[in-house]
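To start, the structure under review is shown below, and the notes come after it.
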Amino acid sequence: MSLVRVCAGLMLMLGLAACGEAAQQAAPPPPPVTVANPVKRSIVDRDEYVGRFVAVDAVEIRARVSGYLEKVHFKDGELVKAGDLLFTVDQRPFNAALDQAKADLARAKAALDLAVADLKRAQDLIGRQTISEQVYEQRIQAKRSGDAQVAAAEAALRNAELNLEFTELRAPVAGRIGDRRVSPGNLVIGGSQPSTTLLATIVSIDPIRFEFTSDEAAYLRYTRLADEGKEGSPRGTGMQVELKLLDEADFKHKGRVDFVDNVIDPSSGTIRVRAVVANANGLFTPGMFARVRVPASLPYDALLVLDAAIGSEQVRKFVYVVDGENTVRQKYIETGALHGALRVARTGLAPEDKVIVNGLMRARPGIKVTPLAEGAQPPGAPKFGTKK
């Protein structure tokens with residue numbers, strides 16, 4: 001009976017040893033993860049805002065004289081140059097008024113010539129006491145009246161010439177004109193009253209302005225930066241900015257800040273900023289939205305990590321790193337601005353840290369991993385592009 005028990009015990013021990021060896025052979029290897037050192041780069045922090053383009057010059061074309069619109073000399077929406085003829089108002093009444101003014105001037109000059117001749121004769125006669133002092137004074141007054149009438153007639157002639165000139169409405173600035181608001185044959189109300197007829201509008205194209213608002217804290221940063229004399233001019237004017245449109249991925253358009261408002265809006269705590277952008281091809285249109293990127297710091301050296309490798313724990317940010325024993329450690333960092341796919345790590349990282357950038361789902365603090373450099377293949381993975 002004891003022999004049977006001894007045999008059974010030996011059998012049990014052998015079975016347990018075999019099970020332990022099998023379990024040891026079945027243990028999985030440490031999971032592979034991709035690691036990379038932080039990127040060291042000289043960068044400039046930038047702020048982004050949304051704004052819209054506005055024209056440097058925007059002009060409403062209104063007639064200065066009233067009359068019937070005779071002709072339109074442009075096509076709706078085309079580019080015009082300064083001085084181009086746009087509209088013509090019926091000139092016949094103004095030509096008649098000009099002829100009347102010329103006739104009035106001629107009559108006034110004839111009356112003045114007669115008064116001058118009478119005064120000259122009176123000067124000869126008064127010396128011989130042939131005429132009285134009263135008659136002589138009357139001749140002097142008649143000459144003065146003639147001078148005044150000639151001056152008034154000349155002013156009326158200039159006014160008639162101006163009115164005739166105003167019948168031709170020309171472009172005051174170069175730019176793109178909108179559509180005509182009045183067709184030929186309609187009565188146009190001119191003058192300086194608010195009820196004058198709007199005929200068209202013109203907006204300048206090149207250059208164009210871009211307006212946006214920044215908060216008070218950003219305004220202080222730009223002012224401090226300008227005070228250091230490294231970027232821009234006083235109050236941030238002169239800073240170079242970058243823009244991108246709604247359908248663009250990169251900030252590929254350049255501009256320069258030329259104006260910062262003189263007050264901060266007390267209701268919103270923001271201040272208006274304006275930049276000038278070249279627009280030779282006419283791509284930018286007044287009223288169009290875009291994003292602008294403004295320098296917010298001087299160049300400095302920083303460590304950057306892949307933004308996708310950064311995790312969040314409530315309000316704190318962290319990354320997983322692999323230490324010298326291939327053990328995963330958690331490091332809390334303070335993040336900064338985003339530069340492409342990389343984000344600035346202000347504190348918490350060293351240049352030699354091996355940050356896990358791929359395989360984060362397999363990484364947990366305290367476990368062993370197999371670190372791989374970016375682009376390396378895990379052990380046992382097929383090698384593509386090799387011949388068998």
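Going through the structure tokens in order, the chains are called A, B, and so on, while each chain numbers its residues from 1 and the ligands are numbered from 1 in the order shown.
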| message | For region 195-205 of chain A, find every residue with an atom within 6 Å (counting only C-alpha atoms), except residues of its own chain fewer than 3 positions away, and show them as a list in words. | response | Ala55, Asp57, Ala58, Val59, Glu60, Ile61, Arg62, Ala174, Gly175, Arg176, Ile177, Gly178, Arg180, Arg181, Val182, Val188, Ile189, Gly190 and Ile208 of chain A
| task | Once DSSP has gone over the backbone, tell me which residues of region 37-239 of chain A are in strand (DSSP E or B), as a PyMOL selection string. | result | chain A and resi 39-43+46-55+58-62+67-72+79-80+85-89+168-170+175-177+187-188+198-203+208-215
Convert the current residue selection to file output with C-alpha atoms, as a PDB file, in the first residue's frame.
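Saved result, again-v8.pdb, follows:
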```pdb
ATOM      1  CA  VAL A  39      12.651  66.694 -31.059  1.00  0.00           C
ATOM      2  CA  LYS A  40      14.818  69.691 -30.206  1.00  0.00           C
ATOM      3  CA  ARG A  41      14.002  72.669 -32.382  1.00  0.00           C
ATOM      4  CA  SER A  42      14.138  76.456 -32.405  1.00  0.00           C
ATOM      5  CA  ILE A  43      10.529  77.636 -32.588  1.00  0.00           C
ATOM      6  CA  ARG A  46       2.120  81.813 -32.550  1.00  0.00           C
ATOM      7  CA  ASP A  47      -1.457  82.794 -31.839  1.00  0.00           C
ATOM      8  CA  GLU A  48      -4.285  82.070 -34.270  1.00  0.00           C
ATOM      9  CA  TYR A  49      -7.363  84.191 -34.908  1.00  0.00           C
ATOM     10  CA  VAL A  50     -10.269  84.314 -37.335  1.00  0.00           C
ATOM     11  CA  GLY A  51     -10.902  87.525 -39.230  1.00  0.00           C
ATOM     12  CA  ARG A  52     -12.132  88.879 -42.522  1.00  0.00           C
ATOM     13  CA  PHE A  53     -10.747  90.834 -45.445  1.00  0.00           C
ATOM     14  CA  VAL A  54     -11.756  94.457 -45.992  1.00  0.00           C
ATOM     15  CA  ALA A  55     -10.963  96.760 -48.895  1.00  0.00           C
ATOM     16  CA  ALA A  58     -14.506 101.350 -50.809  1.00  0.00           C
ATOM     17  CA  VAL A  59     -16.369 104.038 -52.767  1.00  0.00           C
ATOM     18  CA  GLU A  60     -20.045 104.582 -53.535  1.00  0.00           C
ATOM     19  CA  ILE A  61     -20.605 106.118 -56.966  1.00  0.00           C
ATOM     20  CA  ARG A  62     -23.294 108.816 -56.700  1.00  0.00           C
ATOM     21  CA  GLY A  67     -30.622 114.355 -64.703  1.00  0.00           C
ATOM     22  CA  TYR A  68     -31.516 111.370 -66.826  1.00  0.00           C
ATOM     23  CA  LEU A  69     -28.892 108.632 -67.036  1.00  0.00           C
ATOM     24  CA  GLU A  70     -27.790 108.417 -70.645  1.00  0.00           C
ATOM     25  CA  LYS A  71     -25.117 105.718 -70.843  1.00  0.00           C
ATOM     26  CA  VAL A  72     -23.224 103.086 -68.815  1.00  0.00           C
ATOM     27  CA  LEU A  79     -11.852  95.728 -62.977  1.00  0.00           C
ATOM     28  CA  VAL A  80     -11.630  99.464 -63.556  1.00  0.00           C
ATOM     29  CA  LEU A  85     -15.555 106.742 -67.443  1.00  0.00           C
ATOM     30  CA  LEU A  86     -18.426 104.861 -65.756  1.00  0.00           C
ATOM     31  CA  PHE A  87     -21.701 106.783 -66.326  1.00  0.00           C
ATOM     32  CA  THR A  88     -22.896 109.693 -68.437  1.00  0.00           C
ATOM     33  CA  VAL A  89     -25.850 111.869 -67.454  1.00  0.00           C
ATOM     34  CA  GLU A 168     -19.444 112.230 -66.590  1.00  0.00           C
ATOM     35  CA  LEU A 169     -18.911 110.002 -63.558  1.00  0.00           C
ATOM     36  CA  ARG A 170     -15.400 108.534 -63.432  1.00  0.00           C
ATOM     37  CA  GLY A 175     -10.566  98.244 -58.189  1.00  0.00           C
ATOM     38  CA  ARG A 176     -13.493  95.975 -58.948  1.00  0.00           C
ATOM     39  CA  ILE A 177     -16.842  97.583 -59.634  1.00  0.00           C
ATOM     40  CA  LEU A 187     -33.801 109.891 -63.483  1.00  0.00           C
ATOM     41  CA  VAL A 188     -30.731 110.273 -61.272  1.00  0.00           C
ATOM     42  CA  LEU A 198     -26.545 105.145 -55.654  1.00  0.00           C
ATOM     43  CA  LEU A 199     -25.262 104.066 -59.062  1.00  0.00           C
ATOM     44  CA  ALA A 200     -22.552 101.489 -58.206  1.00  0.00           C
ATOM     45  CA  THR A 201     -19.796 100.645 -55.731  1.00  0.00           C
ATOM     46  CA  ILE A 202     -16.053 100.124 -56.222  1.00  0.00           C
ATOM     47  CA  VAL A 203     -13.679  98.267 -53.869  1.00  0.00           C
ATOM     48  CA  ILE A 208      -6.153  94.357 -49.287  1.00  0.00           C
ATOM     49  CA  ARG A 209      -6.562  94.590 -45.534  1.00  0.00           C
ATOM     50  CA  PHE A 210      -7.276  91.802 -43.053  1.00  0.00           C
ATOM     51  CA  GLU A 211      -8.925  92.702 -39.736  1.00  0.00           C
ATOM     52  CA  PHE A 212      -9.163  90.570 -36.588  1.00  0.00           C
ATOM     53  CA  THR A 213      -9.473  91.068 -32.840  1.00  0.00           C
ATOM     54  CA  SER A 214      -7.104  89.829 -30.146  1.00  0.00           C
ATOM     55  CA  ASP A 215      -7.620  89.604 -26.412  1.00  0.00           C
TER      56      ASP A 215
END
```
| task | Considering only C-alpha atoms, return as JSON, numbers by chain whatever protein or nucleic-acid residues lie within 12 Å of region 119-128 of chain A, sequence-local ones (same chain, fewer than 3 positions apart) excluded. | result | {"A": [112, 113, 114, 115, 116, 131, 132, 133, 134, 135, 136, 137, 138, 139, 140, 141, 142, 143, 144, 146]}
| remark: Across A:Leu349, A:Ala36, A:Ala82, A:Leu98, the smallest distance to Ala155 (chain A), with only C-alpha atoms counted, is shown by A:Leu98
Would you please give, as an mmCIF file with C-alpha atoms, in the first residue's frame, all residues of region 75-187 of chain A that DSSP assigns to helix (DSSP H, G or I) based on the backbone?
```cif
data_model
loop_
_atom_site.group_PDB
_atom_site.id
_atom_site.type_symbol
_atom_site.label_atom_id
_atom_site.label_comp_id
_atom_site.auth_asym_id
_atom_site.auth_seq_id
_atom_site.Cartn_x
_atom_site.Cartn_y
_atom_site.Cartn_z
ATOM 1 C CA ARG A 92 -27.892 118.879 -73.012
ATOM 2 C CA PRO A 93 -29.349 120.949 -70.136
ATOM 3 C CA PHE A 94 -25.871 121.559 -68.754
ATOM 4 C CA ASN A 95 -24.499 122.587 -72.153
ATOM 5 C CA ALA A 96 -27.306 125.112 -72.386
ATOM 6 C CA ALA A 97 -26.559 126.400 -68.910
ATOM 7 C CA LEU A 98 -22.883 126.710 -69.860
ATOM 8 C CA ASP A 99 -23.768 128.732 -72.956
ATOM 9 C CA GLN A 100 -25.993 130.981 -70.837
ATOM 10 C CA ALA A 101 -23.142 131.504 -68.354
ATOM 11 C CA LYS A 102 -20.754 132.417 -71.180
ATOM 12 C CA ALA A 103 -23.266 134.955 -72.525
ATOM 13 C CA ASP A 104 -23.753 136.476 -69.072
ATOM 14 C CA LEU A 105 -20.007 136.827 -68.701
ATOM 15 C CA ALA A 106 -19.709 138.499 -72.082
ATOM 16 C CA ARG A 107 -22.501 140.951 -71.167
ATOM 17 C CA ALA A 108 -20.863 141.728 -67.838
ATOM 18 C CA LYS A 109 -17.519 142.380 -69.517
ATOM 19 C CA ALA A 110 -19.167 144.701 -72.060
ATOM 20 C CA ALA A 111 -20.836 146.651 -69.258
ATOM 21 C CA LEU A 112 -17.502 146.844 -67.458
ATOM 22 C CA ASP A 113 -15.761 148.155 -70.570
ATOM 23 C CA LEU A 114 -18.368 150.899 -70.857
ATOM 24 C CA ALA A 115 -17.990 151.769 -67.163
ATOM 25 C CA VAL A 116 -14.206 151.935 -67.548
ATOM 26 C CA ALA A 117 -14.513 154.235 -70.553
ATOM 27 C CA ASP A 118 -16.986 156.511 -68.736
ATOM 28 C CA LEU A 119 -14.693 156.662 -65.734
ATOM 29 C CA LYS A 120 -11.714 157.608 -67.912
ATOM 30 C CA ARG A 121 -13.671 160.456 -69.524
ATOM 31 C CA ALA A 122 -14.869 161.546 -66.101
ATOM 32 C CA GLN A 123 -11.285 161.734 -64.872
ATOM 33 C CA ASP A 124 -10.405 164.088 -67.716
ATOM 34 C CA LEU A 125 -13.466 166.259 -67.152
ATOM 35 C CA ILE A 126 -13.226 166.463 -63.381
ATOM 36 C CA GLY A 127 -9.823 168.117 -63.743
ATOM 37 C CA GLU A 133 -18.054 165.466 -57.967
ATOM 38 C CA GLN A 134 -21.308 163.520 -57.707
ATOM 39 C CA VAL A 135 -21.180 162.412 -61.330
ATOM 40 C CA TYR A 136 -17.544 161.429 -60.916
ATOM 41 C CA GLU A 137 -18.395 159.290 -57.877
ATOM 42 C CA GLN A 138 -21.217 157.677 -59.839
ATOM 43 C CA ARG A 139 -18.765 156.694 -62.600
ATOM 44 C CA ILE A 140 -16.424 155.179 -60.022
ATOM 45 C CA GLN A 141 -19.296 153.203 -58.479
ATOM 46 C CA ALA A 142 -20.405 152.010 -61.910
ATOM 47 C CA LYS A 143 -16.913 150.675 -62.599
ATOM 48 C CA ARG A 144 -16.844 148.864 -59.250
ATOM 49 C CA SER A 145 -20.274 147.367 -59.953
ATOM 50 C CA GLY A 146 -19.022 146.219 -63.341
ATOM 51 C CA ASP A 147 -16.028 144.483 -61.712
ATOM 52 C CA ALA A 148 -18.369 142.675 -59.332
ATOM 53 C CA GLN A 149 -20.708 141.591 -62.122
ATOM 54 C CA VAL A 150 -17.797 140.193 -64.123
ATOM 55 C CA ALA A 151 -16.561 138.264 -61.070
ATOM 56 C CA ALA A 152 -20.058 136.863 -60.468
ATOM 57 C CA ALA A 153 -20.393 135.895 -64.121
ATOM 58 C CA GLU A 154 -17.011 134.167 -64.072
ATOM 59 C CA ALA A 155 -18.050 132.199 -60.947
ATOM 60 C CA ALA A 156 -21.318 131.207 -62.622
ATOM 61 C CA LEU A 157 -19.341 130.068 -65.674
ATOM 62 C CA ARG A 158 -17.047 127.925 -63.540
ATOM 63 C CA ASN A 159 -20.075 126.409 -61.795
ATOM 64 C CA ALA A 160 -21.675 125.614 -65.157
ATOM 65 C CA GLU A 161 -18.434 124.018 -66.334
ATOM 66 C CA LEU A 162 -18.258 121.916 -63.172
ATOM 67 C CA ASN A 163 -21.864 120.781 -63.563
ATOM 68 C CA LEU A 164 -21.140 119.752 -67.130
ATOM 69 C CA GLU A 165 -18.030 117.899 -65.946
ATOM 70 C CA PHE A 166 -20.067 116.171 -63.246
#
```
| Within 9 Å of region 305-310 of chain A, counting only C-alpha atoms, which residues qualify if same-chain residues fewer than 5 places away don't, as JSON, numbers by chain? | {"A": [36, 37, 38, 39, 317, 318, 319, 320, 333, 338, 340, 341, 342, 343, 344, 345, 355, 356, 357, 358, 360]}
Output C-alpha atoms for every residue in that selection, as a tab-separated table (two decimals), in the first residue's frame.
```tsv
chain	number	residue	atom	x	y	z
A	36	ALA	CA	11.37	58.29	-30.10
A	37	ASN	CA	13.37	60.99	-28.40
A	38	PRO	CA	11.85	64.45	-28.11
A	39	VAL	CA	12.65	66.69	-31.06
A	317	LYS	CA	-0.92	65.93	-19.35
A	318	PHE	CA	1.45	62.96	-19.45
A	319	VAL	CA	3.48	60.71	-21.74
A	320	TYR	CA	4.75	57.15	-21.37
A	333	ILE	CA	4.52	67.35	-18.62
A	338	LEU	CA	1.10	72.92	-31.42
A	340	GLY	CA	2.15	70.70	-37.07
A	341	ALA	CA	1.86	67.21	-35.54
A	342	LEU	CA	4.26	68.07	-32.70
A	343	ARG	CA	3.50	69.86	-29.45
A	344	VAL	CA	5.90	71.75	-27.20
A	345	ALA	CA	6.74	70.07	-23.89
A	355	VAL	CA	8.77	58.52	-25.45
A	356	ILE	CA	6.29	55.89	-26.61
A	357	VAL	CA	4.75	57.21	-29.81
A	358	ASN	CA	3.11	54.03	-31.11
A	360	LEU	CA	0.13	53.18	-26.45
```
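Across the structure, CA of Arg291 (chain A) and CA of Leu246 (chain A) are spaced 7.6 Å apart.
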| message | Counting only C-alpha atoms, which residue out of A:Thr347, A:Ile264, A:Glu325, A:Asn279 sits closest to Leu304 (chain A)? | response | A:Thr347
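Taking CA of Val44 (chain A) and CA of Ala217 (chain A) as endpoints, the distance between them is 17.4 Å.
Computed from the coordinates, the CA of Val257 (chain A) to CA of Gln240 (chain A) distance equals 6.5 Å.
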